[in-house]
$ cat coords_5.cif   # mmCIF, C-alpha atoms
data_data
loop_
_atom_site.label_atom_id
_atom_site.label_comp_id
_atom_site.auth_asym_id
_atom_site.auth_seq_id
_atom_site.Cartn_x
_atom_site.Cartn_y
_atom_site.Cartn_z
CA MET H 1 85.98 39.76 137.37
CA PHE H 2 88.49 41.72 135.34
CA ARG H 3 89.80 45.15 136.26
CA PHE H 4 92.30 47.26 134.37
CA THR H 5 95.23 49.48 135.23
CA GLU H 6 97.02 52.25 133.35
CA GLN H 7 99.69 49.71 132.42
CA ASP H 8 96.99 47.48 130.95
CA VAL H 9 95.79 50.39 128.82
CA LEU H 10 99.30 51.11 127.53
CA GLU H 11 99.94 47.48 126.67
CA LEU H 12 96.60 47.14 124.92
CA GLU H 13 97.24 50.31 122.92
CA LYS H 14 100.51 48.77 121.69
CA ILE H 15 98.65 45.63 120.68
CA THR H 16 96.05 47.76 118.90
CA LYS H 17 98.76 49.37 116.80
CA GLN H 18 100.16 45.95 115.93
CA LEU H 19 96.73 44.77 114.84
CA ARG H 20 96.36 47.81 112.60
CA GLU H 21 99.76 47.18 111.05
CA ASP H 22 98.78 43.59 110.42
CA VAL H 23 95.48 44.59 108.82
CA VAL H 24 97.03 46.87 106.20
CA THR H 25 99.85 44.38 105.56
CA MET H 26 97.48 41.44 105.13
CA VAL H 27 95.17 43.29 102.77
CA TYR H 28 98.11 44.70 100.80
CA LEU H 29 99.69 41.27 100.35
CA ALA H 30 96.35 39.69 99.46
CA GLY H 31 95.50 42.42 96.98
CA SER H 32 91.95 42.46 98.36
CA GLY H 33 90.05 42.59 101.61
CA HIS H 34 88.29 44.99 103.95
CA PRO H 35 90.61 47.41 105.77
CA GLY H 36 88.13 50.12 106.82
CA GLY H 37 85.94 48.19 109.23
CA SER H 38 88.89 46.14 110.46
CA LEU H 39 90.81 49.27 111.48
CA SER H 40 87.80 50.81 113.24
CA ALA H 41 87.41 47.72 115.44
CA ALA H 42 91.07 47.32 116.47
CA GLU H 43 90.64 48.61 120.03
CA ILE H 44 87.63 46.36 120.55
CA MET H 45 89.48 43.27 119.32
CA ALA H 46 92.62 44.03 121.32
CA ALA H 47 90.58 44.49 124.50
CA LEU H 48 88.60 41.31 123.95
CA TYR H 49 91.43 38.95 123.09
CA PHE H 50 94.09 40.31 125.41
CA HIS H 51 92.06 41.31 128.47
CA VAL H 52 88.39 40.35 128.50
CA LEU H 53 87.79 36.88 127.06
CA ASN H 54 88.26 33.79 129.21
CA ILE H 55 89.94 31.55 126.62
CA LYS H 56 92.69 28.95 126.19
CA PRO H 57 94.46 29.31 122.81
CA GLU H 58 96.15 25.95 123.38
CA GLU H 59 92.66 24.42 123.69
CA PRO H 60 90.47 26.27 121.14
CA LYS H 61 87.39 24.14 121.85
CA TRP H 62 87.63 24.34 125.66
CA PRO H 63 83.96 23.89 126.69
CA ASP H 64 83.97 26.69 129.27
CA ARG H 65 85.60 29.32 127.05
CA ASP H 66 83.88 32.62 126.38
CA ARG H 67 82.44 32.69 122.87
CA PHE H 68 83.11 35.38 120.29
CA ILE H 69 81.19 35.91 117.05
CA LEU H 70 82.37 38.30 114.34
CA SER H 71 79.01 38.89 112.72
CA LYS H 72 80.49 41.43 110.29
CA GLY H 73 82.66 38.65 108.92
CA HIS H 74 84.22 40.65 106.07
CA CYS H 75 86.27 42.46 108.74
CA CYS H 76 88.16 39.26 109.51
CA PRO H 77 91.68 40.69 108.97
CA VAL H 78 91.65 42.25 112.44
CA TYR H 79 90.10 39.05 113.84
CA TYR H 80 92.82 36.88 112.35
CA ALA H 81 95.52 39.23 113.60
CA ALA H 82 94.14 39.05 117.15
CA LEU H 83 93.91 35.26 117.03
CA ALA H 84 97.46 34.92 115.73
CA HIS H 85 99.02 37.20 118.33
CA ARG H 86 96.99 35.49 121.06
CA GLY H 87 98.60 32.20 120.07
CA TYR H 88 95.95 30.27 118.12
CA PHE H 89 98.26 29.94 115.11
CA SER H 90 101.53 31.39 113.80
CA THR H 91 101.64 35.05 112.79
CA GLU H 92 103.28 33.82 109.57
CA GLU H 93 99.84 32.58 108.53
CA LEU H 94 98.68 36.19 108.30
CA LYS H 95 100.62 36.55 105.05
CA THR H 96 98.35 33.94 103.46
CA LEU H 97 95.07 35.86 103.79
CA ARG H 98 92.66 34.95 100.96
CA LYS H 99 95.17 32.62 99.32
CA TYR H 100 93.97 29.30 97.94
CA GLY H 101 94.25 26.64 100.66
CA SER H 102 94.92 29.13 103.45
CA ILE H 103 93.24 28.73 106.83
CA LEU H 104 92.47 32.47 106.60
CA GLN H 105 89.76 32.94 104.03
CA GLY H 106 87.88 36.13 103.15
CA HIS H 107 85.27 35.37 105.82
CA PRO H 108 85.83 33.39 109.05
CA ASP H 109 85.37 29.63 108.79
CA MET H 110 85.06 27.69 112.05
CA LEU H 111 86.04 24.46 110.27
CA MET H 112 89.33 25.91 109.01
CA THR H 113 90.58 28.49 111.51
CA PRO H 114 91.51 27.67 115.13
CA GLY H 115 89.67 29.93 117.56
CA VAL H 116 86.74 30.82 115.30
CA ASP H 117 83.42 30.03 116.99
CA MET H 118 81.09 30.87 114.08
CA THR H 119 81.39 30.81 110.31
CA ALA H 120 80.35 34.23 108.99
CA GLY H 121 79.43 35.53 105.58
CA SER H 122 75.90 36.78 105.07
CA LEU H 123 75.34 39.73 107.38
CA GLY H 124 72.74 39.89 110.13
CA ASN H 125 73.07 36.36 111.52
CA GLY H 126 75.61 36.67 114.32
CA LEU H 127 73.31 37.93 117.05
CA SER H 128 70.80 35.12 116.49
CA ILE H 129 73.55 32.54 116.88
CA GLY H 130 74.86 34.41 119.92
CA VAL H 131 71.42 34.11 121.50
CA GLY H 132 71.58 30.36 120.93
CA MET H 133 75.02 30.13 122.53
CA ALA H 134 73.89 32.16 125.54
CA LEU H 135 70.82 29.96 125.96
CA SER H 136 73.00 26.87 125.70
CA ALA H 137 75.20 28.15 128.51
CA ARG H 138 72.16 28.62 130.72
CA LEU H 139 70.67 25.22 129.91
CA HIS H 140 73.96 23.43 130.56
CA LYS H 141 74.74 25.52 133.66
CA GLN H 142 77.94 26.93 132.17
CA THR H 143 79.31 30.34 133.09
CA TYR H 144 80.76 31.54 129.82
CA THR H 145 79.76 34.84 128.21
CA THR H 146 79.02 35.23 124.51
CA TYR H 147 80.19 38.38 122.70
CA VAL H 148 78.89 39.38 119.26
CA LEU H 149 80.55 42.13 117.20
CA MET H 150 78.23 43.67 114.60
CA GLY H 151 78.52 46.51 112.13
CA ASP H 152 76.11 49.44 112.21
CA GLY H 153 75.15 48.94 108.56
CA GLU H 154 74.44 45.33 109.44
CA LEU H 155 71.67 46.49 111.76
CA GLN H 156 69.61 47.22 108.66
CA GLU H 157 69.03 43.44 108.62
CA GLY H 158 65.79 42.60 110.39
CA ALA H 159 66.99 39.34 111.94
CA ASN H 160 69.08 41.35 114.39
CA TRP H 161 65.98 42.83 115.95
CA GLU H 162 64.21 39.47 116.23
CA ALA H 163 67.28 38.20 118.08
CA ALA H 164 67.32 41.31 120.26
CA MET H 165 63.72 40.72 121.33
CA SER H 166 64.42 37.09 122.09
CA ALA H 167 67.51 37.90 124.17
CA SER H 168 65.77 40.45 126.36
CA THR H 169 62.68 38.28 126.78
CA ARG H 170 64.91 35.54 128.18
CA HIS H 171 66.99 37.99 130.26
CA LEU H 172 70.25 36.78 128.72
CA ASP H 173 72.72 38.75 130.81
CA ASN H 174 75.45 36.37 129.61
CA LEU H 175 75.20 37.93 126.13
CA VAL H 176 77.06 41.10 125.09
CA GLY H 177 76.52 42.78 121.75
CA ILE H 178 79.04 45.26 120.39
CA VAL H 179 78.13 47.51 117.48
CA ASP H 180 81.04 49.05 115.58
CA CYS H 181 79.31 52.32 114.78
CA ASN H 182 81.74 53.71 112.22
CA GLY H 183 78.90 55.30 110.27
CA LEU H 184 79.79 53.94 106.84
CA GLN H 185 78.91 50.96 104.71
CA ILE H 186 80.00 49.99 101.22
CA ASN H 187 77.77 52.52 99.42
CA GLY H 188 78.09 55.48 101.76
CA TRP H 189 76.83 56.81 105.08
CA VAL H 190 74.67 54.28 106.90
CA ASN H 191 71.90 56.72 107.79
CA ASP H 192 71.68 57.99 104.20
CA ILE H 193 71.02 54.48 102.93
CA VAL H 194 68.66 53.07 105.57
CA ARG H 195 68.41 55.15 108.71
CA ILE H 196 69.11 53.22 111.91
CA GLU H 197 69.37 56.02 114.44
CA PRO H 198 68.54 56.67 117.23
CA LEU H 199 70.33 53.41 118.08
CA SER H 200 70.50 53.91 121.82
CA ASP H 201 66.74 54.47 122.07
CA LYS H 202 66.05 51.48 119.82
CA TRP H 203 68.14 49.04 121.87
CA LYS H 204 66.62 50.34 125.11
CA ALA H 205 63.14 49.85 123.65
CA PHE H 206 64.11 46.27 122.84
CA GLY H 207 64.96 45.70 126.50
CA TRP H 208 68.75 45.90 126.44
CA ASN H 209 71.19 47.62 128.78
CA VAL H 210 72.93 50.19 126.58
CA VAL H 211 76.48 51.51 126.98
CA GLU H 212 77.56 54.16 124.48
CA ILE H 213 81.26 54.98 124.14
CA ASN H 214 84.09 56.22 121.95
CA GLY H 215 85.11 52.85 120.56
CA ASN H 216 88.60 54.04 119.64
CA ASP H 217 89.39 55.00 123.25
CA MET H 218 90.87 51.99 125.05
CA ARG H 219 89.92 53.16 128.54
CA ALA H 220 86.31 53.63 127.47
CA VAL H 221 86.29 50.22 125.77
CA LEU H 222 87.59 48.44 128.87
CA ALA H 223 85.18 50.25 131.16
CA ALA H 224 82.28 49.29 128.88
CA PHE H 225 83.24 45.62 128.92
CA HIS H 226 83.46 45.71 132.70
CA GLN H 227 79.99 47.25 132.96
CA ALA H 228 78.60 44.66 130.52
CA LYS H 229 80.12 41.79 132.49
CA THR H 230 78.69 42.98 135.80
CA PHE H 231 75.21 43.98 134.62
CA ARG H 232 72.47 41.55 135.58
CA GLY H 233 68.91 40.91 134.37
CA ALA H 234 69.23 41.83 130.69
CA PRO H 235 71.70 41.58 127.81
CA THR H 236 74.05 44.51 127.23
CA VAL H 237 74.91 46.21 123.95
CA ILE H 238 77.97 48.45 123.62
CA LEU H 239 77.50 51.13 120.97
CA ALA H 240 81.11 51.86 120.03
CA ARG H 241 81.34 55.09 118.05
CA THR H 242 84.42 54.69 115.86
CA SER H 243 86.06 55.99 112.70
CA LYS H 244 86.16 53.71 109.69
CA GLY H 245 89.79 53.30 108.61
CA LYS H 246 91.02 54.56 111.99
CA GLY H 247 94.76 55.28 112.10
CA VAL H 248 95.27 55.90 108.38
CA SER H 249 94.44 59.44 107.27
CA PHE H 250 93.34 58.69 103.72
CA MET H 251 91.18 55.76 104.84
CA GLU H 252 89.41 57.46 107.75
CA ASP H 253 85.69 58.12 107.16
CA ASN H 254 86.11 57.18 103.50
CA LYS H 255 83.71 54.59 102.08
CA ASP H 256 86.12 53.79 99.26
CA TRP H 257 88.22 51.83 101.77
CA HIS H 258 85.40 49.57 102.84
CA GLY H 259 86.78 46.83 100.62
CA LYS H 260 89.94 47.83 98.75
CA ALA H 261 93.64 47.01 98.99
CA PRO H 262 96.27 49.78 99.11
CA ASN H 263 98.93 50.03 96.44
CA GLU H 264 102.60 50.04 97.46
CA ALA H 265 102.82 53.78 98.09
CA GLU H 266 99.56 53.80 100.05
CA TYR H 267 100.68 50.78 102.05
CA LYS H 268 103.95 52.45 103.05
CA GLN H 269 102.12 55.63 104.03
CA ALA H 270 99.56 53.66 106.05
CA LEU H 271 102.27 51.81 107.99
CA ALA H 272 104.15 55.03 108.70
CA GLU H 273 101.02 56.74 110.02
CA ILE H 274 100.01 53.82 112.23
CA ARG H 275 103.50 53.57 113.71
CA ALA H 276 103.66 57.31 114.37
CA GLU H 277 100.16 57.65 115.85
CA GLY H 278 100.22 59.42 119.20
CA GLY H 279 103.96 58.86 119.47
CA LYS H 280 103.24 55.46 120.96
#
$ encode --input "coords_5.cif" --output "structure tokens"
Amino acid sequence: MFRFTEQDVLELEKITKQLREDVVTMVYLAGSGHPGGSLSAAEIMAALYFHVLNIKPEEPKWPDRDRFILSKGHCCPVYYAALAHRGYFSTEELKTLRKYGSILQGHPDMLMTPGVDMTAGSLGNGLSIGVGMALSARLHKQTYTTYVLMGDGELQEGANWEAAMSASTRHLDNLVGIVDCNGLQINGWVNDIVRIEPLSDKWKAFGWNVVEINGNDMRAVLAAFHQAKTFRGAPTVILARTSKGKGVSFMEDNKDWHGKAPNEAEYKQALAEIRAEGGK
């Protein structure tokens, strides 16, 4: 079972900053992509890939590895950055995001990218596949845990709730959902488009253990993953309240940066702000 120290937190915060730098650089070089939801999930991805997941980058298909599903697949820049720095492929590949023939396409592809456990594109499907992976672990007497990162706007898709009912009915305590609750989707505020709150009450009603945190606070993120790993009898969902575009002032809580690349001046400003954040 993992624990964490203050040194772990400091190291993971450094990795988080690197992931944010990579996100804005990748999207800038590509001239397209989704920076907002990638930046909001940076702490979550750093914690998962550098502290929580039981994985072997040198053996991407290791049968006993923990599984990770990025259900909000358009936010793959932060996913690719985490995989590269964890050793699944060279960080030089990050410069090829969305280029023809690159292993790093605009949505994750498990047939092209080492370390990707599920091809993502259409929203709302990740949790259902995560349920299948968790059931497979039980049937084959394997001990891995499956983690599924969803967006809050994505929860407007009904398939999520069918999967949620199935998971709690089968007491899949080897399944952890994470919702990046940054409050925004491509057209505006999530609750102005199709209201999903109160999320905590909804997940509890569907039989899940609910942990609600500040998803941009590394200590809170690590503590939530520890609680999820140790909870027994039901699946756990972590409701991570975050800021879309976190770390870049003109992107934060701004729907326009859901899927847009910065120009040169904006890119330079974004890098400067990320590097200066908190004096870290």
$ resolve_selection --input "coords_5.cif" --expression "the PyMOL selection byres ((chain H and resi 9) around 10)" --output "list in words"
Phe4, Thr5, Glu6, Gln7, Asp8, Leu10, Glu11, Leu12, Glu13, Lys14, Ile15, Ala47, His51, Asp217, Met218, Arg219, Val221 and Leu222 of chain H
$ atom_distance --input "coords_5.cif" --atom1 "atom CA of Gly31 of chain H" --atom2 "atom CA of Cys76 of chain H"
14.9 Å
$ closest_atom_pairs --input "coords_5.cif" --of "segment 200-224 of chain H" --to "segment 156-180 of chain H" --cutoff "8 Å" --atoms "only C-alpha atoms" --output "CSV"
residue,atom,partner,partner_atom,distance
H:Trp203,CA,H:Ala164,CA,7.9
H:Phe206,CA,H:Met165,CA,5.8
H:Gly207,CA,H:Ser168,CA,5.3
H:Trp208,CA,H:Ser168,CA,6.2
H:Gly215,CA,H:Asp180,CA,7.5
$ write_last_selection --input "coords_5.cif" --atoms "C-alpha atoms" --output "PDB file, keeping the file's coordinate frame"
ATOM      1  CA  TRP H 203      68.140  49.040 121.870  1.00  0.00           C
ATOM      2  CA  PHE H 206      64.110  46.270 122.840  1.00  0.00           C
ATOM      3  CA  GLY H 207      64.960  45.700 126.500  1.00  0.00           C
ATOM      4  CA  TRP H 208      68.750  45.900 126.440  1.00  0.00           C
ATOM      5  CA  GLY H 215      85.110  52.850 120.560  1.00  0.00           C
TER       6      GLY H 215
END
$ residues_around --input "coords_5.cif" --residues "Asp256 of chain H" --least-positions-apart "2" --cutoff "12 Å" --atoms "all atoms listed in the file" --output "mmCIF file with C-alpha atoms, in the coordinates of the input"
data_model
loop_
_atom_site.group_PDB
_atom_site.id
_atom_site.type_symbol
_atom_site.label_atom_id
_atom_site.label_comp_id
_atom_site.auth_asym_id
_atom_site.auth_seq_id
_atom_site.Cartn_x
_atom_site.Cartn_y
_atom_site.Cartn_z
ATOM 1 C CA HIS H 34 88.290 44.990 103.950
ATOM 2 C CA PRO H 35 90.610 47.410 105.770
ATOM 3 C CA GLY H 36 88.130 50.120 106.820
ATOM 4 C CA GLY H 37 85.940 48.190 109.230
ATOM 5 C CA LEU H 184 79.790 53.940 106.840
ATOM 6 C CA GLN H 185 78.910 50.960 104.710
ATOM 7 C CA ILE H 186 80.000 49.990 101.220
ATOM 8 C CA ASN H 187 77.770 52.520 99.420
ATOM 9 C CA GLY H 188 78.090 55.480 101.760
ATOM 10 C CA TRP H 189 76.830 56.810 105.080
ATOM 11 C CA LYS H 244 86.160 53.710 109.690
ATOM 12 C CA GLY H 245 89.790 53.300 108.610
ATOM 13 C CA PHE H 250 93.340 58.690 103.720
ATOM 14 C CA MET H 251 91.180 55.760 104.840
ATOM 15 C CA GLU H 252 89.410 57.460 107.750
ATOM 16 C CA ASP H 253 85.690 58.120 107.160
ATOM 17 C CA ASN H 254 86.110 57.180 103.500
ATOM 18 C CA HIS H 258 85.400 49.570 102.840
ATOM 19 C CA GLY H 259 86.780 46.830 100.620
ATOM 20 C CA LYS H 260 89.940 47.830 98.750
ATOM 21 C CA ALA H 261 93.640 47.010 98.990
ATOM 22 C CA PRO H 262 96.270 49.780 99.110
#
$ resolve_selection --input "coords_5.cif" --expression "the PyMOL selection byres ((chain H and resi 94-109) around 12)" --output "PyMOL selection string"
chain H and resi 19+21-35+68-85+88-93+110-123+126+259
$ atom_distance --input "coords_5.cif" --atom1 "atom CA of Arg232 of chain H" --atom2 "atom CA of Leu149 of chain H"
20.1 Å
$ atom_distance --input "coords_5.cif" --atom1 "atom CA of Glu154 of chain H" --atom2 "atom CA of Phe225 of chain H"
21.4 Å
$ decode --input "coords_5.cif" --residues "segment 160-200 of chain H" --atoms "N, CA and C atoms" --output "short mmCIF file (atom, residue, chain, number, x, y, z; two decimals), in the first residue's frame"
data_model
loop_
_atom_site.label_atom_id
_atom_site.label_comp_id
_atom_site.auth_asym_id
_atom_site.auth_seq_id
_atom_site.Cartn_x
_atom_site.Cartn_y
_atom_site.Cartn_z
N ASN H 160 -22.52 6.48 -18.57
CA ASN H 160 -21.76 6.52 -17.32
C ASN H 160 -22.56 5.98 -16.15
N TRP H 161 -23.84 6.34 -16.12
CA TRP H 161 -24.66 5.98 -14.97
C TRP H 161 -25.09 4.52 -15.03
N GLU H 162 -25.23 3.96 -16.22
CA GLU H 162 -25.45 2.52 -16.33
C GLU H 162 -24.24 1.76 -15.80
N ALA H 163 -23.04 2.25 -16.16
CA ALA H 163 -21.81 1.62 -15.68
C ALA H 163 -21.69 1.77 -14.16
N ALA H 164 -22.08 2.92 -13.65
CA ALA H 164 -22.00 3.16 -12.21
C ALA H 164 -22.89 2.19 -11.45
N MET H 165 -24.10 1.96 -11.96
CA MET H 165 -24.99 0.99 -11.31
C MET H 165 -24.41 -0.41 -11.35
N SER H 166 -23.85 -0.78 -12.48
CA SER H 166 -23.27 -2.11 -12.61
C SER H 166 -22.11 -2.31 -11.64
N ALA H 167 -21.25 -1.30 -11.53
CA ALA H 167 -20.07 -1.41 -10.67
C ALA H 167 -20.44 -1.57 -9.20
N SER H 168 -21.42 -0.82 -8.75
CA SER H 168 -21.80 -0.91 -7.34
C SER H 168 -22.56 -2.21 -7.06
N THR H 169 -23.37 -2.64 -8.02
CA THR H 169 -24.09 -3.91 -7.85
C THR H 169 -23.12 -5.07 -7.65
N ARG H 170 -22.00 -5.00 -8.35
CA ARG H 170 -20.99 -6.07 -8.28
C ARG H 170 -19.89 -5.78 -7.27
N HIS H 171 -20.07 -4.70 -6.49
CA HIS H 171 -19.13 -4.36 -5.40
C HIS H 171 -17.68 -4.31 -5.90
N LEU H 172 -17.47 -3.60 -7.00
CA LEU H 172 -16.14 -3.56 -7.61
C LEU H 172 -15.23 -2.56 -6.90
N ASP H 173 -14.68 -3.00 -5.77
CA ASP H 173 -13.79 -2.12 -5.02
C ASP H 173 -12.39 -2.06 -5.61
N ASN H 174 -12.19 -2.72 -6.75
CA ASN H 174 -10.94 -2.60 -7.49
C ASN H 174 -11.09 -1.62 -8.66
N LEU H 175 -12.11 -0.78 -8.60
CA LEU H 175 -12.38 0.23 -9.62
C LEU H 175 -12.43 1.60 -8.97
N VAL H 176 -11.67 2.55 -9.52
CA VAL H 176 -11.64 3.92 -9.01
C VAL H 176 -11.97 4.87 -10.16
N GLY H 177 -13.03 5.63 -9.99
CA GLY H 177 -13.35 6.69 -10.94
C GLY H 177 -12.81 8.01 -10.45
N ILE H 178 -12.32 8.84 -11.35
CA ILE H 178 -11.90 10.19 -11.01
C ILE H 178 -12.63 11.13 -11.95
N VAL H 179 -13.31 12.12 -11.41
CA VAL H 179 -13.99 13.10 -12.24
C VAL H 179 -13.25 14.43 -12.12
N ASP H 180 -12.73 14.91 -13.25
CA ASP H 180 -12.08 16.21 -13.29
C ASP H 180 -13.17 17.27 -13.38
N CYS H 181 -13.57 17.75 -12.22
CA CYS H 181 -14.69 18.70 -12.13
C CYS H 181 -14.17 20.12 -12.31
N ASN H 182 -13.83 20.47 -13.56
CA ASN H 182 -13.35 21.83 -13.79
C ASN H 182 -14.48 22.79 -14.16
N GLY H 183 -15.69 22.27 -14.26
CA GLY H 183 -16.87 23.12 -14.39
C GLY H 183 -17.21 23.61 -15.78
N LEU H 184 -16.31 23.38 -16.74
CA LEU H 184 -16.52 23.91 -18.08
C LEU H 184 -16.49 22.81 -19.14
N GLN H 185 -17.24 23.01 -20.19
CA GLN H 185 -17.14 22.17 -21.37
C GLN H 185 -17.06 23.11 -22.57
N ILE H 186 -17.04 22.56 -23.77
CA ILE H 186 -16.71 23.38 -24.93
C ILE H 186 -17.62 24.59 -25.12
N ASN H 187 -18.89 24.47 -24.73
CA ASN H 187 -19.85 25.56 -24.96
C ASN H 187 -20.12 26.44 -23.75
N GLY H 188 -19.49 26.15 -22.64
CA GLY H 188 -19.70 26.99 -21.46
C GLY H 188 -19.70 26.20 -20.17
N TRP H 189 -20.37 26.75 -19.15
CA TRP H 189 -20.41 26.11 -17.84
C TRP H 189 -21.27 24.85 -17.90
N VAL H 190 -20.75 23.78 -17.35
CA VAL H 190 -21.41 22.48 -17.43
C VAL H 190 -22.84 22.54 -16.93
N ASN H 191 -23.05 23.15 -15.78
CA ASN H 191 -24.39 23.15 -15.18
C ASN H 191 -25.37 24.09 -15.87
N ASP H 192 -24.85 24.96 -16.75
CA ASP H 192 -25.75 25.80 -17.55
C ASP H 192 -26.24 25.05 -18.79
N ILE H 193 -25.51 24.02 -19.18
CA ILE H 193 -25.83 23.30 -20.41
C ILE H 193 -26.73 22.10 -20.10
N VAL H 194 -26.25 21.20 -19.25
CA VAL H 194 -27.09 20.13 -18.70
C VAL H 194 -26.63 19.94 -17.26
N ARG H 195 -27.48 20.28 -16.34
CA ARG H 195 -27.07 20.28 -14.93
C ARG H 195 -26.75 18.87 -14.45
N ILE H 196 -25.58 18.73 -13.81
CA ILE H 196 -25.18 17.42 -13.27
C ILE H 196 -25.09 17.41 -11.74
N GLU H 197 -25.07 18.58 -11.13
CA GLU H 197 -25.01 18.62 -9.68
C GLU H 197 -26.37 18.29 -9.07
N PRO H 198 -26.40 17.79 -7.83
CA PRO H 198 -25.28 17.56 -6.90
C PRO H 198 -24.58 16.23 -7.18
N LEU H 199 -23.33 16.29 -7.64
CA LEU H 199 -22.61 15.09 -8.02
C LEU H 199 -22.36 14.14 -6.87
N SER H 200 -21.97 14.67 -5.73
CA SER H 200 -21.68 13.80 -4.59
C SER H 200 -22.91 12.96 -4.23
#
